[in-house]
file start-v1.txt (compact mmCIF, C-alpha atoms and all ligand atoms)
# COMPACT_ATOMS: atom_id res chain seq x y z
CA MET P 1 53.65 -231.78 80.24
CA LYS P 2 55.36 -234.88 78.91
CA ALA P 3 58.99 -234.51 77.94
CA GLU P 4 59.95 -234.87 74.31
CA ILE P 5 62.83 -237.36 73.98
CA LEU P 6 65.33 -236.74 71.18
CA PRO P 7 67.83 -239.41 70.08
CA THR P 8 71.37 -238.52 68.97
CA HIS P 9 72.73 -241.72 67.46
CA THR P 10 73.30 -240.38 63.94
CA PRO P 11 75.04 -237.12 62.99
CA ALA P 12 71.76 -235.70 61.66
CA LEU P 13 69.84 -236.59 64.84
CA PHE P 14 72.66 -235.20 66.98
CA ALA P 15 72.63 -231.93 65.05
CA SER P 16 68.87 -231.49 65.26
CA ALA P 17 68.86 -232.28 68.99
CA VAL P 18 71.58 -229.63 69.48
CA THR P 19 69.46 -227.10 67.57
CA ARG P 20 66.36 -227.90 69.62
CA ALA P 21 68.19 -227.81 72.97
CA ALA P 22 69.95 -224.53 72.07
CA GLU P 23 66.63 -222.99 71.03
CA LEU P 24 64.96 -224.01 74.31
CA VAL P 25 67.73 -222.80 76.63
CA SER P 26 68.08 -219.54 74.66
CA ARG P 27 64.48 -218.70 75.49
CA GLY P 28 64.80 -219.47 79.19
CA GLU P 29 63.58 -223.07 79.22
CA ILE P 30 65.27 -226.09 80.78
CA ALA P 31 66.30 -229.41 79.20
CA ALA P 32 67.89 -232.64 80.42
CA LEU P 33 71.13 -233.24 78.53
CA PRO P 34 73.70 -236.05 78.55
CA THR P 35 77.21 -235.75 79.97
CA GLU P 36 79.84 -238.42 80.55
CA THR P 37 79.21 -238.44 84.34
CA VAL P 38 75.43 -238.26 84.80
CA TYR P 39 72.62 -236.48 82.94
CA GLY P 40 72.32 -232.78 83.74
CA LEU P 41 69.27 -230.50 83.90
CA ALA P 42 70.44 -227.46 81.96
CA ALA P 43 69.46 -223.80 81.72
CA ASN P 44 71.08 -220.56 80.59
CA ALA P 45 73.47 -219.85 83.48
CA LEU P 46 73.18 -216.08 82.92
CA ASP P 47 69.37 -216.02 83.31
CA PRO P 48 68.25 -216.22 86.95
CA ALA P 49 64.63 -217.01 86.05
CA ALA P 50 65.74 -219.94 83.90
CA VAL P 51 67.97 -221.33 86.66
CA GLU P 52 65.03 -221.00 89.09
CA LYS P 53 63.16 -223.46 86.86
CA ILE P 54 65.88 -226.05 87.51
CA TYR P 55 65.45 -225.67 91.27
CA ALA P 56 61.67 -225.90 90.92
CA ALA P 57 61.74 -229.02 88.73
CA LYS P 58 64.18 -230.79 91.05
CA GLY P 59 62.65 -229.58 94.31
CA ARG P 60 66.18 -228.50 95.20
CA PRO P 61 66.97 -226.24 98.17
CA ALA P 62 68.24 -222.81 97.11
CA SER P 63 71.26 -223.17 99.41
CA ASN P 64 72.81 -225.63 96.95
CA PRO P 65 74.85 -224.04 94.13
CA VAL P 66 74.77 -225.49 90.60
CA ILE P 67 77.68 -226.28 88.30
CA VAL P 68 78.12 -224.15 85.16
CA HIS P 69 79.03 -226.12 82.03
CA VAL P 70 81.16 -224.72 79.23
CA GLY P 71 82.60 -225.94 75.94
CA SER P 72 85.96 -224.18 75.99
CA LEU P 73 88.62 -222.89 78.35
CA ASP P 74 87.96 -219.40 77.10
CA LEU P 75 84.31 -219.44 78.21
CA ALA P 76 85.30 -220.92 81.59
CA ILE P 77 87.71 -218.04 82.16
CA ARG P 78 84.98 -215.55 81.21
CA CYS P 79 82.68 -217.07 83.86
CA ALA P 80 85.35 -216.65 86.55
CA GLY P 81 86.22 -213.48 88.44
CA ARG P 82 89.83 -214.65 88.64
CA TRP P 83 91.41 -217.66 86.99
CA PRO P 84 93.94 -219.24 89.38
CA GLU P 85 97.13 -220.71 87.98
CA LEU P 86 96.15 -224.06 89.48
CA ALA P 87 92.88 -223.97 87.52
CA SER P 88 94.92 -223.67 84.32
CA ARG P 89 97.03 -226.68 85.28
CA LEU P 90 94.09 -228.86 86.29
CA ALA P 91 92.10 -227.83 83.21
CA ALA P 92 95.06 -228.62 80.94
CA GLU P 93 95.29 -232.09 82.44
CA PHE P 94 91.63 -233.06 82.90
CA TRP P 95 89.39 -230.96 80.64
CA PRO P 96 87.26 -231.79 78.86
CA GLY P 97 86.34 -234.38 81.47
CA PRO P 98 84.72 -235.28 84.81
CA LEU P 99 86.29 -232.47 86.88
CA THR P 100 84.53 -229.41 88.31
CA LEU P 101 86.72 -226.46 89.30
CA VAL P 102 85.42 -224.08 91.95
CA VAL P 103 86.88 -220.63 91.24
CA PRO P 104 86.05 -217.01 92.19
CA ARG P 105 82.76 -216.07 90.58
CA GLY P 106 82.58 -213.81 87.56
CA PRO P 107 80.35 -210.69 87.50
CA GLY P 108 77.88 -212.17 84.99
CA ILE P 109 77.03 -215.22 87.11
CA PRO P 110 73.79 -214.65 89.05
CA ASP P 111 73.27 -215.40 92.76
CA VAL P 112 70.87 -218.23 92.04
CA VAL P 113 73.72 -220.20 90.40
CA THR P 114 76.18 -219.76 93.27
CA ALA P 115 73.55 -219.83 96.04
CA GLY P 116 74.75 -216.33 96.87
CA GLY P 117 78.37 -217.43 97.38
CA SER P 118 81.52 -215.84 96.01
CA THR P 119 82.61 -218.86 93.93
CA VAL P 120 81.32 -220.71 90.89
CA GLY P 121 81.78 -224.37 89.94
CA LEU P 122 82.79 -224.80 86.27
CA ARG P 123 83.01 -227.93 84.15
CA TRP P 124 83.81 -228.67 80.50
CA PRO P 125 82.32 -232.11 79.87
CA SER P 126 83.97 -234.61 77.52
CA HIS P 127 80.60 -235.87 76.24
CA PRO P 128 80.18 -233.80 73.06
CA PHE P 129 76.53 -232.80 73.48
CA ILE P 130 76.67 -229.91 75.97
CA PRO P 131 79.76 -228.31 74.34
CA ALA P 132 77.86 -228.41 71.03
CA VAL P 133 74.83 -226.70 72.61
CA VAL P 134 77.08 -224.10 74.24
CA ARG P 135 78.64 -223.35 70.84
CA ALA P 136 75.20 -223.15 69.20
CA CYS P 137 73.68 -220.71 71.70
CA GLY P 138 76.82 -218.98 72.95
CA LEU P 139 75.76 -219.39 76.59
CA PRO P 140 77.25 -221.20 79.58
CA LEU P 141 74.79 -223.78 80.93
CA ALA P 142 73.97 -224.23 84.60
CA ALA P 143 73.23 -227.91 85.18
CA PRO P 144 72.92 -230.00 88.30
CA SER P 145 72.23 -233.71 87.97
CA ALA P 146 68.81 -234.32 86.34
CA ASN P 147 67.15 -236.06 89.29
CA LEU P 148 64.66 -235.05 91.95
CA SER P 149 66.51 -233.54 94.90
CA ASN P 150 68.13 -236.17 97.14
CA ARG P 151 67.38 -239.00 94.74
CA LEU P 152 69.74 -241.08 92.68
CA SER P 153 71.43 -239.38 89.72
CA PRO P 154 70.39 -240.54 86.22
CA THR P 155 72.86 -242.30 83.93
CA SER P 156 70.41 -242.83 81.06
CA ALA P 157 67.63 -240.84 79.39
CA ASP P 158 65.18 -243.41 80.74
CA HIS P 159 66.25 -242.69 84.34
CA VAL P 160 65.61 -238.97 83.71
CA TYR P 161 62.23 -239.67 82.17
CA ARG P 162 61.05 -241.67 85.16
CA GLN P 163 61.91 -238.92 87.66
CA LEU P 164 61.30 -235.74 85.66
CA GLY P 165 59.37 -236.78 82.53
CA ASP P 166 56.28 -234.80 83.51
CA ARG P 167 58.16 -231.71 84.74
CA ILE P 168 60.44 -230.75 81.84
CA PRO P 169 59.96 -230.17 78.09
CA LEU P 170 62.97 -232.04 76.66
CA ILE P 171 65.27 -234.98 77.38
CA VAL P 172 68.14 -235.56 74.96
CA ASP P 173 69.17 -239.22 74.83
CA GLY P 174 72.96 -239.37 74.54
CA GLY P 175 73.22 -243.01 75.59
CA ASP P 176 74.45 -244.48 78.87
CA CYS P 177 76.90 -242.26 80.74
CA ASN P 178 80.43 -243.45 80.25
CA VAL P 179 81.82 -242.41 83.65
CA GLY P 180 78.67 -243.07 85.68
CA ILE P 181 79.19 -241.07 88.88
CA GLU P 182 79.28 -237.30 89.36
CA SER P 183 82.42 -235.26 88.66
CA THR P 184 85.26 -234.69 91.10
CA VAL P 185 84.80 -231.18 92.58
CA VAL P 186 88.03 -229.32 93.42
CA ASP P 187 87.97 -225.89 95.03
CA VAL P 188 90.91 -223.84 93.73
CA SER P 189 89.53 -220.49 94.89
CA GLY P 190 91.54 -220.34 98.12
CA ASP P 191 95.18 -220.64 99.11
CA GLU P 192 95.07 -224.41 99.18
CA PRO P 193 93.21 -226.67 96.76
CA VAL P 194 90.50 -228.82 98.38
CA ILE P 195 88.63 -231.82 96.95
CA LEU P 196 85.02 -231.11 97.90
CA ARG P 197 83.58 -234.19 96.23
CA PRO P 198 85.65 -237.25 95.22
CA GLY P 199 85.04 -238.76 91.82
CA MET P 200 86.65 -240.93 89.17
CA ILE P 201 89.51 -238.45 88.78
CA HIS P 202 90.87 -239.53 92.14
CA ALA P 203 92.88 -237.68 94.79
CA ASP P 204 96.25 -239.08 93.73
CA ALA P 205 95.64 -237.99 90.13
CA ILE P 206 94.68 -234.49 91.34
CA ARG P 207 97.74 -234.33 93.61
CA ALA P 208 100.03 -235.21 90.71
CA VAL P 209 99.03 -231.80 89.32
CA ALA P 210 98.09 -229.97 92.52
CA ALA P 211 100.58 -231.08 95.17
CA GLY P 212 99.22 -230.81 98.69
CA CYS P 213 95.58 -230.94 97.64
CA VAL P 214 93.53 -232.17 100.59
CA ALA P 215 90.11 -233.78 100.77
CA THR P 216 87.48 -232.21 103.02
CA ALA P 217 87.18 -234.01 106.34
CA SER P 218 83.55 -234.85 105.64
CA ASN P 219 84.74 -236.46 102.46
CA SER P 220 87.50 -238.66 103.64
CA LYS P 221 85.80 -239.79 106.81
CA PHE P 222 82.34 -240.25 105.26
CA ASN P 223 81.04 -238.35 108.24
CA PRO P 224 77.40 -237.42 107.65
CA ASN P 225 77.34 -234.90 110.46
CA SER P 226 80.27 -232.82 109.40
CA ASN P 227 79.99 -230.39 106.57
CA SER P 228 82.88 -228.07 105.94
CA ASN P 229 80.33 -225.32 106.07
CA SER P 230 80.67 -223.02 109.04
CA GLY P 231 78.04 -220.43 109.77
CA ALA P 232 75.70 -218.77 107.33
CA GLY P 233 75.90 -218.61 103.55
CA PRO P 234 75.86 -221.35 100.95
CA LEU P 235 77.04 -224.79 101.95
CA ARG P 236 80.67 -225.27 100.98
CA SER P 237 79.82 -228.53 99.31
CA PRO P 238 76.21 -229.56 99.66
CA GLY P 239 76.98 -232.70 97.67
CA MET P 240 78.40 -233.80 100.99
CA LEU P 241 75.03 -233.68 102.72
CA PRO P 242 73.96 -236.99 104.25
CA LEU P 243 70.95 -237.82 102.14
CA HIS P 244 72.48 -237.16 98.76
CA TYR P 245 72.69 -239.87 96.12
CA ALA P 246 70.27 -242.21 97.85
CA PRO P 247 68.11 -244.94 96.33
CA ARG P 248 64.72 -245.53 97.97
CA ALA P 249 65.73 -248.96 99.25
CA ARG P 250 67.92 -249.07 102.36
CA LEU P 251 71.50 -249.75 101.34
CA ARG P 252 74.41 -251.26 103.24
CA CYS P 253 77.97 -252.13 102.25
CA LEU P 254 79.09 -255.42 103.77
CA ALA P 255 82.16 -257.62 103.49
CA TRP P 256 81.30 -261.32 103.18
CA LYS P 257 83.50 -264.41 103.00
CA SER P 258 80.86 -266.63 101.43
CA GLU P 259 77.17 -266.59 100.61
CA GLU P 260 76.41 -268.26 103.96
CA ASP P 261 78.31 -265.51 105.72
CA LEU P 262 76.22 -262.91 103.83
CA ALA P 263 73.00 -264.77 104.68
CA GLN P 264 73.92 -264.80 108.38
CA GLN P 265 74.70 -261.08 108.37
CA ALA P 266 71.41 -260.37 106.58
CA ALA P 267 69.49 -262.49 109.12
CA ALA P 268 71.18 -260.61 111.99
CA MET P 269 69.91 -257.34 110.42
CA SER P 270 66.39 -258.84 109.99
CA VAL P 271 66.74 -258.40 106.25
CA ASN P 272 64.40 -260.56 104.16
CA PRO P 273 66.51 -262.07 101.31
CA SER P 274 63.55 -262.27 98.93
CA LYS P 275 63.22 -258.45 99.14
CA THR P 276 66.94 -257.88 98.86
CA TRP P 277 69.01 -256.84 95.85
CA VAL P 278 72.64 -257.90 96.14
CA VAL P 279 75.42 -256.09 94.27
CA ALA P 280 78.53 -258.26 94.16
CA HIS P 281 81.89 -258.16 92.39
CA ALA P 282 84.04 -260.93 93.90
CA THR P 283 82.14 -263.44 96.05
CA ILE P 284 78.95 -263.96 94.05
CA PRO P 285 75.87 -265.43 95.83
CA MET P 286 74.44 -268.25 93.69
CA SER P 287 71.56 -269.77 95.68
CA GLY P 288 68.51 -268.00 94.32
CA ARG P 289 67.25 -266.88 97.75
CA TRP P 290 67.89 -263.21 96.89
CA ALA P 291 65.48 -261.09 94.86
CA TRP P 292 68.32 -260.35 92.44
CA VAL P 293 72.09 -260.51 92.31
CA SER P 294 73.85 -257.88 90.17
CA VAL P 295 77.41 -258.66 89.25
CA ILE P 296 79.57 -255.64 88.39
CA PRO P 297 83.22 -256.21 87.37
CA GLU P 298 85.90 -255.54 89.96
CA ASP P 299 87.32 -252.73 87.88
CA SER P 300 86.65 -249.26 89.22
CA GLU P 301 85.78 -247.67 85.88
CA ALA P 302 83.42 -250.45 84.81
CA TYR P 303 81.93 -250.48 88.30
CA ALA P 304 81.21 -246.73 88.32
CA ARG P 305 79.67 -247.02 84.86
CA GLY P 306 77.27 -249.75 85.99
CA LEU P 307 76.49 -248.88 89.60
CA TYR P 308 73.68 -246.30 89.41
CA SER P 309 71.76 -248.27 86.85
CA GLU P 310 71.80 -251.31 89.18
CA LEU P 311 70.56 -249.10 92.05
CA HIS P 312 67.81 -247.68 89.81
CA ARG P 313 66.79 -251.23 88.85
CA ALA P 314 66.64 -252.26 92.49
CA ASP P 315 64.36 -249.32 93.26
CA GLU P 316 62.11 -250.05 90.29
CA ALA P 317 61.82 -253.68 91.38
CA GLY P 318 60.64 -252.49 94.80
CA ALA P 319 63.62 -253.89 96.72
CA GLU P 320 63.56 -253.14 100.46
CA TRP P 321 67.28 -253.60 100.84
CA ILE P 322 70.36 -253.30 98.67
CA LEU P 323 73.41 -255.12 100.03
CA VAL P 324 76.63 -254.09 98.31
CA GLU P 325 79.81 -256.13 98.58
CA ALA P 326 82.54 -254.00 100.22
CA LEU P 327 84.90 -252.33 97.76
CA PRO P 328 88.69 -252.32 97.54
CA ASP P 329 90.17 -249.53 99.66
CA THR P 330 92.35 -247.82 97.04
CA PRO P 331 92.23 -244.29 95.53
CA GLU P 332 90.56 -245.45 92.29
CA TRP P 333 87.55 -246.63 94.30
CA ALA P 334 87.23 -243.60 96.61
CA GLY P 335 84.58 -241.76 94.56
CA ILE P 336 82.41 -244.86 94.31
CA ALA P 337 82.85 -245.65 98.01
CA ASP P 338 81.85 -242.08 98.83
CA ARG P 339 78.54 -242.38 96.94
CA LEU P 340 77.75 -245.75 98.50
CA HIS P 341 78.44 -244.44 101.99
CA ARG P 342 76.18 -241.49 101.35
CA ALA P 343 73.50 -243.81 99.99
CA SER P 344 73.65 -245.87 103.19
CA ARG P 345 72.81 -243.07 105.60
CA ARG P 346 69.35 -244.29 106.46
O1 LIG P 401 79.15 -234.67 87.09
C1 LIG P 401 78.58 -233.69 87.52
O2 LIG P 401 79.16 -232.83 88.24
C2 LIG P 401 77.12 -233.51 87.17
C3 LIG P 401 76.97 -233.28 85.68
C4 LIG P 401 75.58 -232.95 85.27
O3 LIG P 401 77.88 -232.33 85.26
N1 LIG P 401 76.54 -232.45 87.92
C5 LIG P 401 76.29 -232.54 89.24
O4 LIG P 401 75.69 -231.42 89.74
O5 LIG P 401 76.55 -233.53 89.92
P1 LIG P 401 75.05 -231.34 91.18
O6 LIG P 401 74.49 -229.97 91.27
O7 LIG P 401 74.12 -232.45 91.39
O8 LIG P 401 76.27 -231.39 92.14
C6 LIG P 401 77.16 -230.32 92.12
C7 LIG P 401 78.09 -230.38 93.29
C8 LIG P 401 77.30 -230.19 94.56
O9 LIG P 401 77.92 -230.93 95.59
C9 LIG P 401 77.45 -228.69 94.76
O10 LIG P 401 77.26 -228.31 96.06
C10 LIG P 401 78.87 -228.48 94.30
O11 LIG P 401 79.01 -229.31 93.20
N2 LIG P 401 79.07 -227.10 93.88
C11 LIG P 401 78.58 -226.45 92.80
N3 LIG P 401 78.99 -225.18 92.79
C12 LIG P 401 79.77 -225.02 93.88
C13 LIG P 401 80.47 -223.92 94.45
N4 LIG P 401 80.47 -222.72 93.90
N5 LIG P 401 81.15 -224.14 95.60
C14 LIG P 401 81.15 -225.36 96.17
N6 LIG P 401 80.50 -226.42 95.70
C15 LIG P 401 79.82 -226.25 94.58
MG MG P 402 73.15 -234.08 92.21
call {"tool": "encode", "arguments": {"input": "start-v1.txt", "output": "C-alpha cells"}}
result
Amino acid sequence: MKAEILPTHTPALFASAVTRAAELVSRGEIAALPTETVYGLAANALDPAAVEKIYAAKGRPASNPVIVHVGSLDLAIRCAGRWPELASRLAAEFWPGPLTLVVPRGPGIPDVVTAGGSTVGLRWPSHPFIPAVVRACGLPLAAPSANLSNRLSPTSADHVYRQLGDRIPLIVDGGDCNVGIESTVVDVSGDEPVILRPGMIHADAIRAVAAGCVATASNSKFNPNSNSNSGAGPLRSPGMLPLHYAPRARLRCLAWKSEEDLAQQAAAMSVNPSKTWVVAHATIPMSGRWAWVSVIPEDSEAYARGLYSELHRADEAGAEWILVEALPDTPEWAGIADRLHRASRR
C-alpha cells in the first residue's frame, strides 16, 4: 500500500479531502490528518477494530491510551462520563486549541482507546480539518501522533509519508503545523488538576484558569525513571516515558559561550563535528566545521513551530549527533524543553 496524499489549499480541495477522510474513517479505516500541534493518525473512536489499526500501524504498545478529537464542546461532553466544572473553564479558555483534557470516560468509549483506564483524553483542535471531518461523519476521532512508536512526531505531510507512507491509505496535507509540538495534557478527572504533559499552553496559563494545578513530578524534573504510574493498569501519562519523541541521532542540550566553547565540549564528548547537526538560537557557530547549523528564532512559538522539522532533517541527513543550544528557563519554553530532554535520553 502507498498512501494517497490529498492537498487542501483551496476550498474545493479541502472539501473533497474532508469527504474522502470522512468516508474512510466511517468504514473503519485510518487516515493521517493535520492538526495545529502535530499530524494525527485518526480512526473512529467508537470502533475498537478501527482503533486497533492505529496501534498496528504505529507499532504502539496497547498500554498507551489515545486522545479522542472532537469538533465541538457538545461532542466532548458526550464522550465523557462526567464533565468537571474545571473542564468547562479550561475548554472555554483554550478550545479549540492545543489542550487535551483528561476526564472520566464515557460509556461509548472502548477500552482500546483508554488502554482499559477509567479516563479519556479529549481535544478540540484549532486546525479546521479534523473538526470538519467530525462534522461530516458525526464521529469522534481517536488520533495519536502519526509517527512510528517512539519516533519523532510529524509536523508536515511529508514527515508522515516517510514514516507511515506504506502502512496507511491516506495522508491529508494541511500544511506545516502551526504550533509544532504536542498538546498540553491536563488531567481534570481527580480532585486536583495535574499537567501530565507540558506544551505550548504553559503551566502559568493553565493556573490562571485552574489555580493550584500541579505538574507531574516526572514532568517538572525531567526524570526518565519516574512515571506517575503506580502499579498495574494503563500508564498515567505514557507520553512521559523516556524514549518518547526521540530522533535517531543522539541529542544533547548544551550551553555554550562561543563556538570554541562548543567545539571543546563536543571534543570532550568525542563528538565528530562533521557528523553533527547544531541547533542554535543565540550564539550561532559560523566556522563550517559542523555538518549543519540550524538557526531557530529565540521566540518560543517560532521555535516550537520549527524544531521537529529541524530534527527530522538531521535524521534524514544521517547526523550522528544533534547538539541543541540550551533554552531559556521560563514557562513559555517548558514544553519545548520537556521534548528535548526526552529526546536526549540515550
Ligand atoms: O497534540 C496532540 O496531542 C497530538 C495531536 C495529534 O492531537 N496527539 C498526540 O497523541 O500527541 P499521542 O497519543 O502521541 O499522545 C497522547 C498523550 C500521551 O502521553 C498519552 O499517554 C496521553 O496523551 N493520554 C491520552 N489519553 C490519556 C488518558 N486517558 N489518561 C492519561 N493520559 C492520556
Ligand atoms: Mg506521540
call {"tool": "residues_near_ligand", "arguments": {"input": "start-v1.txt", "ligand": "ligand LIG 401 (chain P)", "cutoff": "8 Å", "atoms": "all atoms listed in the file", "output": "tab-separated table (two decimals) with C-alpha atoms, in the frame of the given file"}}
result
chain	number	residue	atom	x	y	z
P	34	PRO	CA	73.70	-236.05	78.55
P	35	THR	CA	77.21	-235.75	79.97
P	36	GLU	CA	79.84	-238.42	80.55
P	37	THR	CA	79.21	-238.44	84.34
P	38	VAL	CA	75.43	-238.26	84.80
P	39	TYR	CA	72.62	-236.48	82.94
P	40	GLY	CA	72.32	-232.78	83.74
P	41	LEU	CA	69.27	-230.50	83.90
P	64	ASN	CA	72.81	-225.63	96.95
P	65	PRO	CA	74.85	-224.04	94.13
P	66	VAL	CA	74.77	-225.49	90.60
P	67	ILE	CA	77.68	-226.28	88.30
P	68	VAL	CA	78.12	-224.15	85.16
P	69	HIS	CA	79.03	-226.12	82.03
P	98	PRO	CA	84.72	-235.28	84.81
P	99	LEU	CA	86.29	-232.47	86.88
P	100	THR	CA	84.53	-229.41	88.31
P	102	VAL	CA	85.42	-224.08	91.95
P	103	VAL	CA	86.88	-220.63	91.24
P	105	ARG	CA	82.76	-216.07	90.58
P	113	VAL	CA	73.72	-220.20	90.40
P	114	THR	CA	76.18	-219.76	93.27
P	115	ALA	CA	73.55	-219.83	96.04
P	117	GLY	CA	78.37	-217.43	97.38
P	118	SER	CA	81.52	-215.84	96.01
P	119	THR	CA	82.61	-218.86	93.93
P	120	VAL	CA	81.32	-220.71	90.89
P	121	GLY	CA	81.78	-224.37	89.94
P	122	LEU	CA	82.79	-224.80	86.27
P	123	ARG	CA	83.01	-227.93	84.15
P	125	PRO	CA	82.32	-232.11	79.87
P	143	ALA	CA	73.23	-227.91	85.18
P	144	PRO	CA	72.92	-230.00	88.30
P	145	SER	CA	72.23	-233.71	87.97
P	146	ALA	CA	68.81	-234.32	86.34
P	153	SER	CA	71.43	-239.38	89.72
P	181	ILE	CA	79.19	-241.07	88.88
P	182	GLU	CA	79.28	-237.30	89.36
P	183	SER	CA	82.42	-235.26	88.66
P	184	THR	CA	85.26	-234.69	91.10
P	185	VAL	CA	84.80	-231.18	92.58
P	187	ASP	CA	87.97	-225.89	95.03
P	196	LEU	CA	85.02	-231.11	97.90
P	197	ARG	CA	83.58	-234.19	96.23
P	235	LEU	CA	77.04	-224.79	101.95
P	236	ARG	CA	80.67	-225.27	100.98
P	237	SER	CA	79.82	-228.53	99.31
P	238	PRO	CA	76.21	-229.56	99.66
P	239	GLY	CA	76.98	-232.70	97.67
P	240	MET	CA	78.40	-233.80	100.99
call {"tool": "residues_around", "arguments": {"input": "start-v1.txt", "residues": "Pro84 in chain P", "least_positions_apart": "4", "cutoff": "8 Å", "atoms": "only C-alpha atoms", "output": "PyMOL selection string"}}
result
chain P and resi 88+103+188-189
call {"tool": "write_last_selection", "arguments": {"input": "start-v1.txt", "atoms": "C-alpha atoms", "output": "PDB file, keeping the file's coordinate frame"}}
result
ATOM      1  CA  SER P  88      94.920-223.670  84.320  1.00  0.00           C
ATOM      2  CA  VAL P 103      86.880-220.630  91.240  1.00  0.00           C
ATOM      3  CA  VAL P 188      90.910-223.840  93.730  1.00  0.00           C
ATOM      4  CA  SER P 189      89.530-220.490  94.890  1.00  0.00           C
TER       5      SER P 189
END
call {"tool": "residues_around", "arguments": {"input": "start-v1.txt", "residues": "His159 in chain P", "least_positions_apart": "3", "cutoff": "12 Å", "atoms": "only C-alpha atoms", "output": "JSON, numbers by chain"}}
result
{"P": [32, 34, 38, 39, 40, 145, 146, 147, 148, 151, 152, 153, 154, 155, 156, 162, 163, 164, 165, 171, 172, 173, 175, 176, 177, 308, 309, 310, 311, 312, 313, 315, 316]}
call {"tool": "closest_residue", "arguments": {"input": "start-v1.txt", "among": "P:Val278, P:Leu170, P:Ile296, P:Ile30", "to": "Leu6 in chain P", "atoms": "all atoms listed in the file"}}
result
P:Leu170
call {"tool": "residues_near_point", "arguments": {"input": "start-v1.txt", "point": "(89.3, -219.3, 80.4)", "cutoff": "6 Å", "atoms": "only C-alpha atoms", "output": "list in words"}}
result
Leu73, Asp74, Leu75, Ala76, Ile77 and Arg78 of chain P
call {"tool": "write_last_selection", "arguments": {"input": "start-v1.txt", "atoms": "C-alpha atoms", "output": "CSV table (one decimal), keeping the file's coordinate frame"}}
result
chain,number,residue,atom,x,y,z
P,73,LEU,CA,88.6,-222.9,78.4
P,74,ASP,CA,88.0,-219.4,77.1
P,75,LEU,CA,84.3,-219.4,78.2
P,76,ALA,CA,85.3,-220.9,81.6
P,77,ILE,CA,87.7,-218.0,82.2
P,78,ARG,CA,85.0,-215.6,81.2
